[in-house]
>>> print(open('model28.cif').read())   # mmCIF, C-alpha atoms
data_my_file
#
loop_
_atom_site.group_PDB
_atom_site.id
_atom_site.type_symbol
_atom_site.label_atom_id
_atom_site.label_comp_id
_atom_site.auth_asym_id
_atom_site.auth_seq_id
_atom_site.Cartn_x
_atom_site.Cartn_y
_atom_site.Cartn_z
ATOM 1 C CA MET A 1 48.987 -57.462 36.567
ATOM 2 C CA THR A 2 45.560 -57.392 35.065
ATOM 3 C CA THR A 3 44.387 -59.489 32.159
ATOM 4 C CA THR A 4 41.618 -58.529 29.813
ATOM 5 C CA ALA A 5 38.959 -61.034 28.946
ATOM 6 C CA PRO A 6 39.081 -62.163 25.332
ATOM 7 C CA THR A 7 36.366 -60.670 23.209
ATOM 8 C CA LEU A 8 34.113 -63.074 21.401
ATOM 9 C CA VAL A 9 33.643 -62.309 17.730
ATOM 10 C CA LYS A 10 30.401 -63.660 16.382
ATOM 11 C CA LYS A 11 30.984 -65.310 13.042
ATOM 12 C CA ARG A 12 28.451 -64.718 10.319
ATOM 13 C CA THR A 13 27.012 -67.686 8.526
ATOM 14 C CA PRO A 14 27.390 -67.926 4.728
ATOM 15 C CA GLY A 15 23.678 -67.241 4.365
ATOM 16 C CA GLN A 16 23.957 -63.993 6.333
ATOM 17 C CA VAL A 17 26.957 -62.879 4.270
ATOM 18 C CA ILE A 18 25.134 -63.566 0.998
ATOM 19 C CA PHE A 19 21.990 -61.777 2.204
ATOM 20 C CA LYS A 20 24.019 -58.732 3.268
ATOM 21 C CA LEU A 21 25.883 -58.694 -0.047
ATOM 22 C CA VAL A 22 22.627 -58.867 -2.030
ATOM 23 C CA ALA A 23 21.047 -56.126 0.115
ATOM 24 C CA TYR A 24 24.014 -53.781 -0.364
ATOM 25 C CA THR A 25 24.070 -54.500 -4.093
ATOM 26 C CA LEU A 26 20.363 -53.668 -4.454
ATOM 27 C CA CYS A 27 20.787 -50.469 -2.426
ATOM 28 C CA ILE A 28 23.688 -49.366 -4.636
ATOM 29 C CA ILE A 29 21.714 -50.121 -7.811
ATOM 30 C CA LEU A 30 18.664 -48.192 -6.550
ATOM 31 C CA ALA A 31 20.865 -45.254 -5.508
ATOM 32 C CA VAL A 32 22.499 -45.127 -8.943
ATOM 33 C CA LEU A 33 19.121 -45.313 -10.687
ATOM 34 C CA SER A 34 17.826 -42.466 -8.500
ATOM 35 C CA ILE A 35 20.828 -40.207 -9.076
ATOM 36 C CA PHE A 36 21.310 -41.003 -12.786
ATOM 37 C CA PRO A 37 18.504 -38.725 -14.155
ATOM 38 C CA PHE A 38 19.843 -35.754 -12.202
ATOM 39 C CA VAL A 39 23.364 -36.380 -13.491
ATOM 40 C CA ILE A 40 22.078 -36.518 -17.077
ATOM 41 C CA MET A 41 20.139 -33.292 -16.524
ATOM 42 C CA LEU A 42 23.223 -31.512 -15.178
ATOM 43 C CA VAL A 43 25.439 -32.794 -17.997
ATOM 44 C CA ASN A 44 22.948 -31.900 -20.738
ATOM 45 C CA ALA A 45 22.684 -28.374 -19.340
ATOM 46 C CA THR A 46 26.301 -27.898 -20.443
ATOM 47 C CA ARG A 47 25.859 -29.360 -23.955
ATOM 48 C CA THR A 48 24.538 -27.961 -27.219
ATOM 49 C CA THR A 49 21.255 -28.968 -28.838
ATOM 50 C CA HIS A 50 23.111 -30.804 -31.600
ATOM 51 C CA GLN A 51 25.110 -32.852 -29.075
ATOM 52 C CA ILE A 52 21.965 -33.780 -27.161
ATOM 53 C CA GLN A 53 20.183 -34.835 -30.369
ATOM 54 C CA GLN A 54 23.150 -36.972 -31.375
ATOM 55 C CA HIS A 55 23.667 -38.590 -27.961
ATOM 56 C CA ALA A 56 20.933 -37.858 -25.457
ATOM 57 C CA VAL A 57 22.657 -39.844 -22.696
ATOM 58 C CA SER A 58 26.213 -38.816 -21.921
ATOM 59 C CA LEU A 59 28.318 -38.475 -18.794
ATOM 60 C CA ILE A 60 30.826 -36.110 -20.413
ATOM 61 C CA PRO A 61 30.042 -32.427 -19.703
ATOM 62 C CA GLY A 62 30.048 -29.976 -22.581
ATOM 63 C CA THR A 63 31.241 -26.384 -22.879
ATOM 64 C CA ALA A 64 27.968 -24.686 -23.820
ATOM 65 C CA LEU A 65 26.786 -23.712 -20.328
ATOM 66 C CA LEU A 66 27.253 -19.963 -20.815
ATOM 67 C CA ASN A 67 25.752 -20.133 -24.296
ATOM 68 C CA ASN A 68 22.700 -21.970 -22.950
ATOM 69 C CA TYR A 69 22.318 -19.323 -20.246
ATOM 70 C CA LYS A 70 22.488 -16.565 -22.867
ATOM 71 C CA ILE A 71 19.789 -18.353 -24.870
ATOM 72 C CA LEU A 72 17.603 -18.552 -21.760
ATOM 73 C CA THR A 73 17.955 -14.909 -20.836
ATOM 74 C CA SER A 74 17.397 -13.792 -24.441
ATOM 75 C CA LYS A 75 13.877 -15.221 -24.518
ATOM 76 C CA ASP A 76 11.107 -12.775 -23.693
ATOM 77 C CA MET A 77 9.013 -15.216 -21.686
ATOM 78 C CA PHE A 78 11.914 -16.573 -19.616
ATOM 79 C CA ASN A 79 13.320 -14.495 -16.777
ATOM 80 C CA PRO A 80 14.958 -17.025 -14.419
ATOM 81 C CA TRP A 81 15.426 -14.678 -11.475
ATOM 82 C CA LEU A 82 11.852 -13.389 -11.642
ATOM 83 C CA GLY A 83 10.553 -16.951 -11.986
ATOM 84 C CA LEU A 84 12.622 -18.102 -9.005
ATOM 85 C CA LEU A 85 11.386 -15.150 -6.938
ATOM 86 C CA ASN A 86 7.726 -15.782 -7.800
ATOM 87 C CA SER A 87 8.029 -19.502 -7.120
ATOM 88 C CA ALA A 88 9.859 -18.853 -3.852
ATOM 89 C CA ILE A 89 7.179 -16.437 -2.627
ATOM 90 C CA ILE A 90 4.317 -18.800 -3.446
ATOM 91 C CA SER A 91 6.024 -21.970 -2.205
ATOM 92 C CA THR A 92 7.360 -20.468 1.030
ATOM 93 C CA PHE A 93 4.128 -18.858 2.204
ATOM 94 C CA SER A 94 1.928 -21.759 1.076
ATOM 95 C CA THR A 95 4.214 -24.192 2.922
ATOM 96 C CA VAL A 96 4.035 -22.095 6.101
ATOM 97 C CA CYS A 97 0.231 -21.977 5.867
ATOM 98 C CA THR A 98 -0.011 -25.692 5.165
ATOM 99 C CA ILE A 99 2.238 -26.788 8.016
ATOM 100 C CA TYR A 100 0.963 -24.416 10.700
ATOM 101 C CA PHE A 101 -2.764 -24.788 10.112
ATOM 102 C CA SER A 102 -2.561 -28.531 9.451
ATOM 103 C CA THR A 103 -0.719 -29.030 12.736
ATOM 104 C CA LEU A 104 -3.300 -26.824 14.453
ATOM 105 C CA THR A 105 -6.131 -28.906 12.993
ATOM 106 C CA ALA A 106 -4.436 -32.142 14.041
ATOM 107 C CA PHE A 107 -4.014 -30.710 17.531
ATOM 108 C CA ALA A 108 -7.759 -30.060 17.709
ATOM 109 C CA LEU A 109 -8.429 -33.664 16.636
ATOM 110 C CA VAL A 110 -6.091 -35.166 19.228
ATOM 111 C CA ALA A 111 -6.096 -32.875 22.264
ATOM 112 C CA TYR A 112 -9.839 -32.231 22.550
ATOM 113 C CA ASP A 113 -12.733 -34.630 23.010
ATOM 114 C CA TRP A 114 -15.685 -33.142 21.148
ATOM 115 C CA ARG A 115 -18.780 -34.784 19.699
ATOM 116 C CA LEU A 116 -18.063 -34.397 15.966
ATOM 117 C CA ARG A 117 -14.379 -35.269 16.156
ATOM 118 C CA ARG A 118 -14.636 -38.618 14.381
ATOM 119 C CA PRO A 119 -17.060 -37.428 11.645
ATOM 120 C CA PHE A 120 -14.814 -34.424 11.032
ATOM 121 C CA PHE A 121 -11.747 -36.638 10.649
ATOM 122 C CA THR A 122 -13.707 -38.942 8.324
ATOM 123 C CA PHE A 123 -14.690 -35.919 6.237
ATOM 124 C CA ILE A 124 -11.008 -34.921 5.952
ATOM 125 C CA LEU A 125 -10.150 -38.420 4.725
ATOM 126 C CA ALA A 126 -12.980 -38.257 2.196
ATOM 127 C CA VAL A 127 -11.688 -34.937 0.819
ATOM 128 C CA MET A 128 -8.331 -36.630 0.169
ATOM 129 C CA MET A 129 -10.052 -38.891 -2.369
ATOM 130 C CA ILE A 130 -11.220 -35.998 -4.581
ATOM 131 C CA PRO A 131 -8.736 -35.194 -7.409
ATOM 132 C CA ALA A 132 -7.780 -31.539 -7.719
ATOM 133 C CA GLN A 133 -8.601 -31.546 -11.449
ATOM 134 C CA ILE A 134 -12.299 -32.132 -10.692
ATOM 135 C CA THR A 135 -12.589 -28.932 -8.674
ATOM 136 C CA ALA A 136 -10.326 -26.843 -10.960
ATOM 137 C CA ILE A 137 -13.126 -25.326 -13.056
ATOM 138 C CA GLY A 138 -15.215 -24.282 -10.062
ATOM 139 C CA PHE A 139 -12.094 -23.021 -8.280
ATOM 140 C CA TYR A 140 -11.124 -20.867 -11.275
ATOM 141 C CA GLN A 141 -14.648 -19.451 -11.625
ATOM 142 C CA PHE A 142 -14.699 -18.585 -7.938
ATOM 143 C CA MET A 143 -11.301 -16.853 -8.093
ATOM 144 C CA TYR A 144 -12.330 -14.990 -11.254
ATOM 145 C CA LYS A 145 -15.552 -13.681 -9.703
ATOM 146 C CA ILE A 146 -13.794 -12.339 -6.610
ATOM 147 C CA GLY A 147 -10.972 -10.812 -8.694
ATOM 148 C CA MET A 148 -8.168 -13.029 -7.414
ATOM 149 C CA THR A 149 -6.667 -14.093 -10.745
ATOM 150 C CA ASN A 150 -3.075 -12.948 -11.328
ATOM 151 C CA ASN A 151 -2.720 -12.788 -7.568
ATOM 152 C CA PHE A 152 -0.343 -14.900 -5.511
ATOM 153 C CA LEU A 153 -2.881 -15.081 -2.672
ATOM 154 C CA SER A 154 -5.079 -17.326 -4.831
ATOM 155 C CA LEU A 155 -2.268 -19.916 -4.688
ATOM 156 C CA ILE A 156 -1.217 -19.310 -1.074
ATOM 157 C CA LEU A 157 -4.457 -19.134 0.922
ATOM 158 C CA PRO A 158 -5.978 -22.432 -0.351
ATOM 159 C CA ALA A 159 -2.883 -24.191 1.029
ATOM 160 C CA ILE A 160 -4.409 -23.783 4.484
ATOM 161 C CA ALA A 161 -6.705 -26.734 3.660
ATOM 162 C CA ALA A 162 -4.326 -29.697 3.230
ATOM 163 C CA PRO A 163 -6.101 -32.950 4.182
ATOM 164 C CA ALA A 164 -3.078 -35.204 3.576
ATOM 165 C CA THR A 165 -0.896 -33.074 5.849
ATOM 166 C CA VAL A 166 -3.581 -33.033 8.556
ATOM 167 C CA PHE A 167 -3.780 -36.831 8.379
ATOM 168 C CA PHE A 168 0.002 -37.206 8.683
ATOM 169 C CA MET A 169 0.233 -34.754 11.578
ATOM 170 C CA ARG A 170 -2.622 -36.411 13.401
ATOM 171 C CA GLN A 171 -1.062 -39.877 13.048
ATOM 172 C CA TYR A 172 2.289 -38.558 14.286
ATOM 173 C CA MET A 173 0.729 -36.623 17.171
ATOM 174 C CA VAL A 174 -1.352 -39.475 18.632
ATOM 175 C CA PRO A 175 1.598 -41.455 20.084
ATOM 176 C CA SER A 176 4.068 -38.579 20.562
ATOM 177 C CA LEU A 177 2.016 -35.849 22.269
ATOM 178 C CA PRO A 178 1.931 -36.304 26.075
ATOM 179 C CA MET A 179 -1.454 -35.174 27.373
ATOM 180 C CA GLU A 180 -0.022 -34.767 30.889
ATOM 181 C CA LEU A 181 2.225 -31.999 29.582
ATOM 182 C CA LEU A 182 -0.770 -30.177 28.126
ATOM 183 C CA GLN A 183 -2.698 -30.516 31.376
ATOM 184 C CA SER A 184 0.258 -29.149 33.331
ATOM 185 C CA ALA A 185 0.463 -26.146 30.997
ATOM 186 C CA ARG A 186 -3.247 -25.457 31.444
ATOM 187 C CA VAL A 187 -2.941 -25.702 35.232
ATOM 188 C CA ASP A 188 -0.113 -23.145 35.086
ATOM 189 C CA GLY A 189 -2.442 -20.755 33.271
ATOM 190 C CA SER A 190 -1.168 -21.166 29.726
ATOM 191 C CA GLY A 191 -3.705 -20.374 27.019
ATOM 192 C CA GLU A 192 -4.477 -22.843 24.252
ATOM 193 C CA PHE A 193 -2.628 -20.949 21.513
ATOM 194 C CA ARG A 194 0.366 -20.385 23.772
ATOM 195 C CA THR A 195 0.398 -24.076 24.637
ATOM 196 C CA PHE A 196 0.245 -24.965 20.965
ATOM 197 C CA ASN A 197 2.947 -22.525 19.872
ATOM 198 C CA GLN A 198 5.407 -23.124 22.723
ATOM 199 C CA ILE A 199 4.874 -26.795 23.586
ATOM 200 C CA VAL A 200 3.234 -28.664 20.705
ATOM 201 C CA ILE A 201 5.164 -27.132 17.803
ATOM 202 C CA PRO A 202 8.638 -27.954 19.261
ATOM 203 C CA LEU A 203 7.517 -31.550 19.778
ATOM 204 C CA MET A 204 6.256 -31.733 16.208
ATOM 205 C CA LYS A 205 9.384 -30.362 14.515
ATOM 206 C CA PRO A 206 10.459 -33.637 12.850
ATOM 207 C CA ALA A 207 6.995 -34.227 11.369
ATOM 208 C CA MET A 208 6.649 -30.584 10.367
ATOM 209 C CA ALA A 209 10.033 -30.627 8.621
ATOM 210 C CA THR A 210 9.117 -33.781 6.728
ATOM 211 C CA GLN A 211 5.814 -32.353 5.540
ATOM 212 C CA ALA A 212 7.449 -28.990 4.808
ATOM 213 C CA ILE A 213 9.648 -30.678 2.216
ATOM 214 C CA PHE A 214 6.691 -32.408 0.565
ATOM 215 C CA SER A 215 4.559 -29.249 0.651
ATOM 216 C CA PHE A 216 7.326 -27.034 -0.715
ATOM 217 C CA VAL A 217 8.167 -29.463 -3.530
ATOM 218 C CA SER A 218 4.491 -29.873 -4.434
ATOM 219 C CA SER A 219 3.916 -26.120 -4.512
ATOM 220 C CA TRP A 220 7.159 -25.437 -6.385
ATOM 221 C CA ASN A 221 6.429 -28.022 -9.087
ATOM 222 C CA ASN A 222 2.762 -27.092 -9.407
ATOM 223 C CA LEU A 223 2.047 -26.208 -13.031
ATOM 224 C CA PHE A 224 -1.650 -26.869 -13.589
ATOM 225 C CA VAL A 225 -3.266 -24.389 -11.172
ATOM 226 C CA PRO A 226 -0.785 -21.503 -11.651
ATOM 227 C CA SER A 227 -1.069 -21.827 -15.437
ATOM 228 C CA ILE A 228 -4.830 -21.181 -15.318
ATOM 229 C CA LEU A 229 -4.729 -18.439 -12.660
ATOM 230 C CA LEU A 230 -1.610 -16.521 -13.702
ATOM 231 C CA THR A 231 -1.776 -14.964 -17.163
ATOM 232 C CA ASN A 232 0.453 -11.962 -16.508
ATOM 233 C CA LYS A 233 4.064 -12.656 -17.559
ATOM 234 C CA SER A 234 5.401 -10.822 -14.514
ATOM 235 C CA LYS A 235 3.585 -13.367 -12.299
ATOM 236 C CA TYR A 236 4.861 -16.512 -14.038
ATOM 237 C CA THR A 237 6.436 -19.158 -11.839
ATOM 238 C CA MET A 238 9.515 -21.136 -12.811
ATOM 239 C CA PRO A 239 7.619 -24.266 -14.010
ATOM 240 C CA ILE A 240 5.438 -22.118 -16.291
ATOM 241 C CA MET A 241 8.494 -20.454 -17.807
ATOM 242 C CA VAL A 242 10.231 -23.796 -18.383
ATOM 243 C CA SER A 243 7.097 -25.251 -19.995
ATOM 244 C CA LEU A 244 7.061 -22.348 -22.465
ATOM 245 C CA LEU A 245 10.605 -23.128 -23.610
ATOM 246 C CA ASN A 246 9.236 -26.048 -25.639
ATOM 247 C CA GLY A 247 6.868 -23.746 -27.514
ATOM 248 C CA ASP A 248 9.336 -22.382 -30.044
ATOM 249 C CA ILE A 249 8.006 -22.779 -33.595
ATOM 250 C CA TYR A 250 11.245 -23.242 -35.476
ATOM 251 C CA LYS A 251 13.731 -24.776 -33.045
ATOM 252 C CA VAL A 252 13.829 -26.067 -29.496
ATOM 253 C CA GLU A 253 17.095 -25.370 -27.675
ATOM 254 C CA TYR A 254 17.341 -28.522 -25.588
ATOM 255 C CA GLY A 255 20.472 -27.392 -23.777
ATOM 256 C CA ALA A 256 18.666 -24.270 -22.598
ATOM 257 C CA VAL A 257 15.654 -26.364 -21.573
ATOM 258 C CA TYR A 258 17.865 -28.619 -19.445
ATOM 259 C CA LEU A 259 19.504 -25.571 -17.881
ATOM 260 C CA GLY A 260 16.058 -24.208 -17.040
ATOM 261 C CA LEU A 261 15.222 -27.519 -15.378
ATOM 262 C CA VAL A 262 18.444 -27.334 -13.362
ATOM 263 C CA LEU A 263 17.541 -23.845 -12.137
ATOM 264 C CA THR A 264 14.087 -25.156 -11.219
ATOM 265 C CA VAL A 265 15.372 -28.161 -9.258
ATOM 266 C CA LEU A 266 18.278 -26.431 -7.487
ATOM 267 C CA PRO A 267 16.186 -24.714 -4.748
ATOM 268 C CA LEU A 268 14.525 -28.042 -3.952
ATOM 269 C CA PHE A 269 17.902 -29.580 -3.141
ATOM 270 C CA ILE A 270 18.704 -26.632 -0.874
ATOM 271 C CA ILE A 271 15.420 -27.025 1.026
ATOM 272 C CA TYR A 272 15.892 -30.779 1.390
ATOM 273 C CA PHE A 273 19.439 -30.571 2.752
ATOM 274 C CA ALA A 274 18.400 -27.749 5.091
ATOM 275 C CA LEU A 275 15.610 -29.850 6.640
ATOM 276 C CA SER A 276 17.049 -33.358 6.308
ATOM 277 C CA LYS A 277 18.518 -33.324 9.842
ATOM 278 C CA TYR A 278 15.005 -32.979 11.282
ATOM 279 C CA ILE A 279 13.834 -35.966 9.244
ATOM 280 C CA ILE A 280 16.753 -38.051 10.551
ATOM 281 C CA ALA A 281 15.902 -36.904 14.070
ATOM 282 C CA GLY A 282 12.289 -37.972 13.546
ATOM 283 C CA VAL A 283 13.318 -41.415 12.330
ATOM 284 C CA ALA A 284 15.672 -41.821 15.305
ATOM 285 C CA LEU A 285 12.913 -40.687 17.690
ATOM 286 C CA GLY A 286 10.509 -43.212 16.198
ATOM 287 C CA GLY A 287 13.093 -45.952 16.573
ATOM 288 C CA VAL A 288 13.640 -45.149 20.262
ATOM 289 C CA LYS A 289 9.901 -45.130 20.937
ATOM 290 C CA GLY A 290 9.445 -48.414 19.161
#
>>> encode(input="model28.cif", output="structure tokens")
Amino acid sequence: MTTTAPTLVKKRTPGQVIFKLVAYTLCIILAVLSIFPFVIMLVNATRTTHQIQQHAVSLIPGTALLNNYKILTSKDMFNPWLGLLNSAIISTFSTVCTIYFSTLTAFALVAYDWRLRRPFFTFILAVMMIPAQITAIGFYQFMYKIGMTNNFLSLILPAIAAPATVFFMRQYMVPSLPMELLQSARVDGSGEFRTFNQIVIPLMKPAMATQAIFSFVSSWNNLFVPSILLTNKSKYTMPIMVSLLNGDIYKVEYGAVYLGLVLTVLPLFIIYFALSKYIIAGVALGGVKG
């Protein structure tokens, strides 16, 4: 007959219980505050303009969703499916360019020992300090002279230069990229691009997924640069179309505006939930290394 040893249950002190209770309470409050604006946006998308003007904050959904959609599609400047397609094309390709070339640049800063490596990295950090609005006029004049206005490439190709993404990738790569693995690949005859594509990129997936979300959201929500480069209605992105909904002279249909915002935000949720597992994997990896 075997006997099991009694398990010792560690009792929490009153101070630990109070601290845990306060921490959980703050987390719940912050979660509610973060979700609340999205709930209001979804609810108002189903309400009429009169209901929104009477009570802007309500948790009770309305019955005007189809009517708001009809109002949206009846406007000449608003074509939700065309706007979603244009935004998806620009955001997807600009995100791919940003992530791939930023990771490639970070790889050059970490894996190779060349004379101007530190000055080059310092220059990248200095570029991060320059606001995009300062260079907007010169950027527009340049695109106009080379005939790139009303062209998606004028919004996709500049995404190759992303100093903030290069900085993040470089900081992630320094402790997580084993140089011995690179040396082994070179001894086996692997070229530099093959080594980067088949060895470095799989190791960088968590960081790339994290930056892909930020890059996609930034490109999707970008209103300033597309509004000055895209003047053809067939090229309008979703943020431009939503911004024009407030330009009605006689009446603003707030329910339709909220529905337009919902259509704008919905793809961002899809991208986040599709890539969130890589972010969790990256956090877990960092915890194991620590």
>>> resolve_selection(input="model28.cif", expression="the PyMOL selection byres ((chain A and resi 59-63) around 9)", output="number ranges by chain")
A: 39-40, 42-48, 51, 57-58, 64-67
>>> atom_distance(input="model28.cif", atom1="CA of Ser276 in chain A", atom2="CA of Phe216 in chain A")
13.6 Å
>>> resolve_selection(input="model28.cif", expression="the PyMOL selection byres ((chain A and resi 89) around 12)", output="JSON, numbers by chain")
{"A": [82, 83, 84, 85, 86, 87, 88, 90, 91, 92, 93, 94, 95, 96, 151, 152, 153, 155, 156, 216, 219, 220, 235, 236, 237, 238]}
>>> closest_residue(input="model28.cif", among="A:Pro226, A:Pro178, A:Ala162, A:Ala256", to="Ser74 in chain A", atoms="all atoms listed in the file")
A:Ala256
>>> atom_distance(input="model28.cif", atom1="CA of Phe139 in chain A", atom2="CA of Val225 in chain A")
9.4 Å
>>> atom_distance(input="model28.cif", atom1="CA of Arg117 in chain A", atom2="CA of Val166 in chain A")
13.4 Å
>>> closest_residue(input="model28.cif", among="A:Pro158, A:Pro163, A:Pro14, A:Gly147", to="Ile124 in chain A", atoms="only C-alpha atoms")
A:Pro163
>>> resolve_selection(input="model28.cif", expression="the PyMOL selection byres ((chain A and resi 149) around 10)", output="ChimeraX atom specification")
/A:140-148,150-155,226,228-232
>>> closest_residue(input="model28.cif", among="A:Ala161, A:Leu26, A:Ala56, A:Ala185", to="Phe101 in chain A", atoms="all atoms listed in the file")
A:Ala161
>>> closest_residue(input="model28.cif", among="A:Ile213, A:Ala23, A:Ala111, A:Leu181", to="Gln198 in chain A", atoms="only C-alpha atoms")
A:Leu181
>>> closest_residue(input="model28.cif", among="A:Asn68, A:Asn197, A:Thr165, A:Ser227", to="Ile240 in chain A", atoms="all atoms listed in the file")
A:Ser227
>>> residues_around(input="model28.cif", residues="Arg186 in chain A", least_positions_apart="5", cutoff="8 Å", atoms="only C-alpha atoms", output="list in words")
Gly191, Glu192 and Thr195 of chain A
>>> build_atoms(input="model28.cif", residues="range 18-37 of chain A", atoms="N, CA, C and O atoms", output="PDB file, keeping the file's coordinate frame")
ATOM      1  N   ILE A  18      25.746 -63.693   2.326  1.00  0.00           N
ATOM      2  CA  ILE A  18      25.134 -63.566   0.998  1.00  0.00           C
ATOM      3  C   ILE A  18      23.967 -62.593   1.032  1.00  0.00           C
ATOM      4  O   ILE A  18      23.803 -61.747   0.151  1.00  0.00           O
ATOM      5  N   PHE A  19      23.131 -62.695   2.079  1.00  0.00           N
ATOM      6  CA  PHE A  19      21.990 -61.777   2.204  1.00  0.00           C
ATOM      7  C   PHE A  19      22.456 -60.325   2.314  1.00  0.00           C
ATOM      8  O   PHE A  19      21.892 -59.423   1.680  1.00  0.00           O
ATOM      9  N   LYS A  20      23.498 -60.087   3.109  1.00  0.00           N
ATOM     10  CA  LYS A  20      24.019 -58.732   3.268  1.00  0.00           C
ATOM     11  C   LYS A  20      24.603 -58.218   1.957  1.00  0.00           C
ATOM     12  O   LYS A  20      24.416 -57.046   1.595  1.00  0.00           O
ATOM     13  N   LEU A  21      25.301 -59.094   1.231  1.00  0.00           N
ATOM     14  CA  LEU A  21      25.883 -58.694  -0.047  1.00  0.00           C
ATOM     15  C   LEU A  21      24.799 -58.335  -1.062  1.00  0.00           C
ATOM     16  O   LEU A  21      24.900 -57.332  -1.775  1.00  0.00           O
ATOM     17  N   VAL A  22      23.733 -59.144  -1.107  1.00  0.00           N
ATOM     18  CA  VAL A  22      22.627 -58.867  -2.030  1.00  0.00           C
ATOM     19  C   VAL A  22      21.922 -57.567  -1.652  1.00  0.00           C
ATOM     20  O   VAL A  22      21.573 -56.753  -2.512  1.00  0.00           O
ATOM     21  N   ALA A  23      21.724 -57.346  -0.344  1.00  0.00           N
ATOM     22  CA  ALA A  23      21.047 -56.126   0.115  1.00  0.00           C
ATOM     23  C   ALA A  23      21.856 -54.886  -0.250  1.00  0.00           C
ATOM     24  O   ALA A  23      21.306 -53.895  -0.753  1.00  0.00           O
ATOM     25  N   TYR A  24      23.167 -54.922  -0.018  1.00  0.00           N
ATOM     26  CA  TYR A  24      24.014 -53.781  -0.364  1.00  0.00           C
ATOM     27  C   TYR A  24      24.029 -53.554  -1.870  1.00  0.00           C
ATOM     28  O   TYR A  24      24.026 -52.407  -2.344  1.00  0.00           O
ATOM     29  N   THR A  25      24.063 -54.634  -2.635  1.00  0.00           N
ATOM     30  CA  THR A  25      24.070 -54.500  -4.093  1.00  0.00           C
ATOM     31  C   THR A  25      22.785 -53.845  -4.593  1.00  0.00           C
ATOM     32  O   THR A  25      22.817 -52.949  -5.442  1.00  0.00           O
ATOM     33  N   LEU A  26      21.640 -54.266  -4.052  1.00  0.00           N
ATOM     34  CA  LEU A  26      20.363 -53.668  -4.454  1.00  0.00           C
ATOM     35  C   LEU A  26      20.294 -52.193  -4.051  1.00  0.00           C
ATOM     36  O   LEU A  26      19.795 -51.357  -4.816  1.00  0.00           O
ATOM     37  N   CYS A  27      20.801 -51.871  -2.869  1.00  0.00           N
ATOM     38  CA  CYS A  27      20.787 -50.469  -2.426  1.00  0.00           C
ATOM     39  C   CYS A  27      21.652 -49.596  -3.345  1.00  0.00           C
ATOM     40  O   CYS A  27      21.270 -48.470  -3.689  1.00  0.00           O
ATOM     41  N   ILE A  28      22.806 -50.119  -3.740  1.00  0.00           N
ATOM     42  CA  ILE A  28      23.688 -49.366  -4.636  1.00  0.00           C
ATOM     43  C   ILE A  28      23.028 -49.170  -5.995  1.00  0.00           C
ATOM     44  O   ILE A  28      23.063 -48.082  -6.577  1.00  0.00           O
ATOM     45  N   ILE A  29      22.387 -50.226  -6.510  1.00  0.00           N
ATOM     46  CA  ILE A  29      21.714 -50.121  -7.811  1.00  0.00           C
ATOM     47  C   ILE A  29      20.581 -49.098  -7.748  1.00  0.00           C
ATOM     48  O   ILE A  29      20.431 -48.252  -8.646  1.00  0.00           O
ATOM     49  N   LEU A  30      19.769 -49.146  -6.688  1.00  0.00           N
ATOM     50  CA  LEU A  30      18.664 -48.192  -6.550  1.00  0.00           C
ATOM     51  C   LEU A  30      19.179 -46.765  -6.394  1.00  0.00           C
ATOM     52  O   LEU A  30      18.591 -45.818  -6.931  1.00  0.00           O
ATOM     53  N   ALA A  31      20.293 -46.592  -5.670  1.00  0.00           N
ATOM     54  CA  ALA A  31      20.865 -45.254  -5.508  1.00  0.00           C
ATOM     55  C   ALA A  31      21.361 -44.702  -6.840  1.00  0.00           C
ATOM     56  O   ALA A  31      21.137 -43.527  -7.160  1.00  0.00           O
ATOM     57  N   VAL A  32      22.004 -45.562  -7.628  1.00  0.00           N
ATOM     58  CA  VAL A  32      22.499 -45.127  -8.943  1.00  0.00           C
ATOM     59  C   VAL A  32      21.339 -44.773  -9.862  1.00  0.00           C
ATOM     60  O   VAL A  32      21.370 -43.752 -10.566  1.00  0.00           O
ATOM     61  N   LEU A  33      20.288 -45.600  -9.850  1.00  0.00           N
ATOM     62  CA  LEU A  33      19.121 -45.313 -10.687  1.00  0.00           C
ATOM     63  C   LEU A  33      18.429 -44.018 -10.268  1.00  0.00           C
ATOM     64  O   LEU A  33      17.861 -43.308 -11.107  1.00  0.00           O
ATOM     65  N   SER A  34      18.462 -43.698  -8.981  1.00  0.00           N
ATOM     66  CA  SER A  34      17.826 -42.466  -8.500  1.00  0.00           C
ATOM     67  C   SER A  34      18.643 -41.231  -8.868  1.00  0.00           C
ATOM     68  O   SER A  34      18.087 -40.188  -9.206  1.00  0.00           O
ATOM     69  N   ILE A  35      19.962 -41.357  -8.812  1.00  0.00           N
ATOM     70  CA  ILE A  35      20.828 -40.207  -9.076  1.00  0.00           C
ATOM     71  C   ILE A  35      21.051 -39.995 -10.566  1.00  0.00           C
ATOM     72  O   ILE A  35      21.268 -38.860 -11.013  1.00  0.00           O
ATOM     73  N   PHE A  36      20.972 -41.068 -11.363  1.00  0.00           N
ATOM     74  CA  PHE A  36      21.310 -41.003 -12.786  1.00  0.00           C
ATOM     75  C   PHE A  36      20.540 -39.919 -13.551  1.00  0.00           C
ATOM     76  O   PHE A  36      21.151 -39.159 -14.314  1.00  0.00           O
ATOM     77  N   PRO A  37      19.206 -39.784 -13.406  1.00  0.00           N
ATOM     78  CA  PRO A  37      18.504 -38.725 -14.155  1.00  0.00           C
ATOM     79  C   PRO A  37      18.994 -37.318 -13.834  1.00  0.00           C
ATOM     80  O   PRO A  37      19.068 -36.463 -14.722  1.00  0.00           O
TER      81      PRO A  37
END
